[in-house]
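Remarks on the structure that follows.
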Amino acid sequence: MSSATNGATAGFLVWRLSMKWRVAVDRAVAPLGLTHAQYVVVASLYGMSRGGLRPSQRALADRTGMEPLYVSKLARALEASGLLERTRDPGDPRAMQLSLTERGLDVTRLAITVVRGLLDQLLEPLGGRTGPRALEFTHELETLLDVPLDPSTEHDEEPS
């Protein structure tokens, strides 16, 4: 363990790991013309579309954990760069459906390959992506992501 993380709280370690990951992904996908946030949008859209979905911006925001307004901004930038298309949802004219263009598919597939390589590096100390420790780590992360956090209820009690 590095001296920077000795005695650190779980929250601090989650922050440090998320920042390490974001910076690494930003650097890895920059040659493809993407930022980390844009990568999350196109990779998530790719996965959802492989499952037969043509998600709305709201559905993609729910999937990624990003704010809908941020997903909208990212989608417009990705549309301007020719990587995705935004079209009105025939079932809800207020909603925009998203799909990758052919160029978007090519860039996304390449970006996924690059990011998988980073993930392999990150999880190597845990036995690789499919190792039992990495699978348990993934399960623990899923457990933590399922915990609802509402900062407004943390301090609702009156001080005594």
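For the structure tokens, the naming scheme is as follows: chains receive sequential letters (A, B, ...) according to their order of presentation, residues are indexed from 1 within each chain, and ligands are indexed from 1 in presentation order.
The list of residues with at least one atom within 10 Å of Arg63 in chain A, based on only C-alpha atoms and without residues fewer than 4 positions apart in the same chain, reads Val40, Val41, Ser44, Leu45, Met48, Pro55, Gln57, Arg58 and Ala59 of chain A.
Of the residues under consideration (A:Ala28, A:Val14, A:Met66, A:Leu74), A:Leu74 shows the shortest atom-to-atom contact distance to Val42 in chain A when counting only C-alpha atoms.
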Checklist entry - Can you list, as an MDAnalysis selection string, every protein, DNA or RNA residue that comes within 12 Å of Val29 in chain A when you count only C-alpha atoms, leaving out same-chain residues fewer than 2 positions away? => result chainID A and resid 22:27 31:40 42:43 107:118
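Within the 12 Å cut-off around Glu85 in chain A, using only C-alpha atoms and omitting residues fewer than 5 positions from it on the same chain, the listed residues are A:Val42, A:Leu45, A:Arg54, A:Pro55, A:Ser56, A:Gln57, A:Ser72, A:Leu74, A:Ala75, A:Arg76, A:Ala77, A:Leu78, A:Glu79, A:Ala80, A:Met96, A:Gln97, A:Leu98, A:Ser99, A:Leu100, A:Thr101, A:Glu102, A:Arg103, A:Gly104, A:Leu105.
The spacing separating CA of Phe137 in chain A from CA of Thr9 in chain A amounts to 17.2 Å.
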Checklist entry - At what distance in Å, to one decimal, does CA of Leu126 in chain A lie from CA of His139 in chain A? => result 13.3 Å
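Residues of chain A carrying a DSSP assignment of strand (DSSP E or B), computed from the backbone, are Ser56, Leu84, Glu85, Arg86, Thr87, Arg88, Asp89, Asp92, Pro93, Arg94, Ala95, Met96, Gln97, Leu98, Ser99 and Leu100 of chain A.
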Would you save the residues from that selection as a PDB file, in the first residue's frame, using N, CA and C atoms?
ATOM      1  N   SER A  56     -33.449   5.915 -24.881  1.00  0.00           N
ATOM      2  CA  SER A  56     -33.574   7.360 -24.821  1.00  0.00           C
ATOM      3  C   SER A  56     -32.373   7.902 -24.049  1.00  0.00           C
ATOM      4  N   LEU A  84     -22.825   9.389 -33.196  1.00  0.00           N
ATOM      5  CA  LEU A  84     -24.161   8.886 -32.878  1.00  0.00           C
ATOM      6  C   LEU A  84     -25.225   9.773 -33.487  1.00  0.00           C
ATOM      7  N   GLU A  85     -26.428   9.207 -33.534  1.00  0.00           N
ATOM      8  CA  GLU A  85     -27.593   9.922 -34.055  1.00  0.00           C
ATOM      9  C   GLU A  85     -28.608  10.052 -32.939  1.00  0.00           C
ATOM     10  N   ARG A  86     -29.241  11.207 -32.901  1.00  0.00           N
ATOM     11  CA  ARG A  86     -30.329  11.470 -31.959  1.00  0.00           C
ATOM     12  C   ARG A  86     -31.591  11.668 -32.793  1.00  0.00           C
ATOM     13  N   THR A  87     -32.620  10.898 -32.508  1.00  0.00           N
ATOM     14  CA  THR A  87     -33.888  11.036 -33.228  1.00  0.00           C
ATOM     15  C   THR A  87     -35.028  11.062 -32.209  1.00  0.00           C
ATOM     16  N   ARG A  88     -36.115  11.705 -32.605  1.00  0.00           N
ATOM     17  CA  ARG A  88     -37.287  11.774 -31.726  1.00  0.00           C
ATOM     18  C   ARG A  88     -37.858  10.376 -31.523  1.00  0.00           C
ATOM     19  N   ASP A  89     -38.237  10.092 -30.304  1.00  0.00           N
ATOM     20  CA  ASP A  89     -38.874   8.829 -29.956  1.00  0.00           C
ATOM     21  C   ASP A  89     -40.318   8.891 -30.454  1.00  0.00           C
ATOM     22  N   ASP A  92     -42.774   9.024 -27.617  1.00  0.00           N
ATOM     23  CA  ASP A  92     -42.726  10.173 -26.711  1.00  0.00           C
ATOM     24  C   ASP A  92     -41.965  11.289 -27.423  1.00  0.00           C
ATOM     25  N   PRO A  93     -42.678  12.226 -28.040  1.00  0.00           N
ATOM     26  CA  PRO A  93     -42.014  13.257 -28.837  1.00  0.00           C
ATOM     27  C   PRO A  93     -41.075  14.175 -28.038  1.00  0.00           C
ATOM     28  N   ARG A  94     -41.147  14.107 -26.707  1.00  0.00           N
ATOM     29  CA  ARG A  94     -40.218  14.908 -25.895  1.00  0.00           C
ATOM     30  C   ARG A  94     -38.873  14.206 -25.732  1.00  0.00           C
ATOM     31  N   ALA A  95     -38.854  12.891 -25.959  1.00  0.00           N
ATOM     32  CA  ALA A  95     -37.647  12.085 -25.719  1.00  0.00           C
ATOM     33  C   ALA A  95     -36.834  11.910 -26.993  1.00  0.00           C
ATOM     34  N   MET A  96     -35.524  11.816 -26.810  1.00  0.00           N
ATOM     35  CA  MET A  96     -34.608  11.556 -27.927  1.00  0.00           C
ATOM     36  C   MET A  96     -34.060  10.142 -27.785  1.00  0.00           C
ATOM     37  N   GLN A  97     -34.138   9.378 -28.875  1.00  0.00           N
ATOM     38  CA  GLN A  97     -33.535   8.050 -28.904  1.00  0.00           C
ATOM     39  C   GLN A  97     -32.137   8.172 -29.488  1.00  0.00           C
ATOM     40  N   LEU A  98     -31.243   7.320 -29.006  1.00  0.00           N
ATOM     41  CA  LEU A  98     -29.852   7.369 -29.439  1.00  0.00           C
ATOM     42  C   LEU A  98     -29.457   6.088 -30.144  1.00  0.00           C
ATOM     43  N   SER A  99     -28.611   6.249 -31.170  1.00  0.00           N
ATOM     44  CA  SER A  99     -28.035   5.084 -31.843  1.00  0.00           C
ATOM     45  C   SER A  99     -26.665   5.479 -32.381  1.00  0.00           C
ATOM     46  N   LEU A 100     -25.774   4.505 -32.429  1.00  0.00           N
ATOM     47  CA  LEU A 100     -24.440   4.746 -32.968  1.00  0.00           C
ATOM     48  C   LEU A 100     -24.480   4.721 -34.494  1.00  0.00           C
TER      49      LEU A 100
END
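CA of Glu124 in chain A lies 22.0 Å from CA of Phe12 in chain A.
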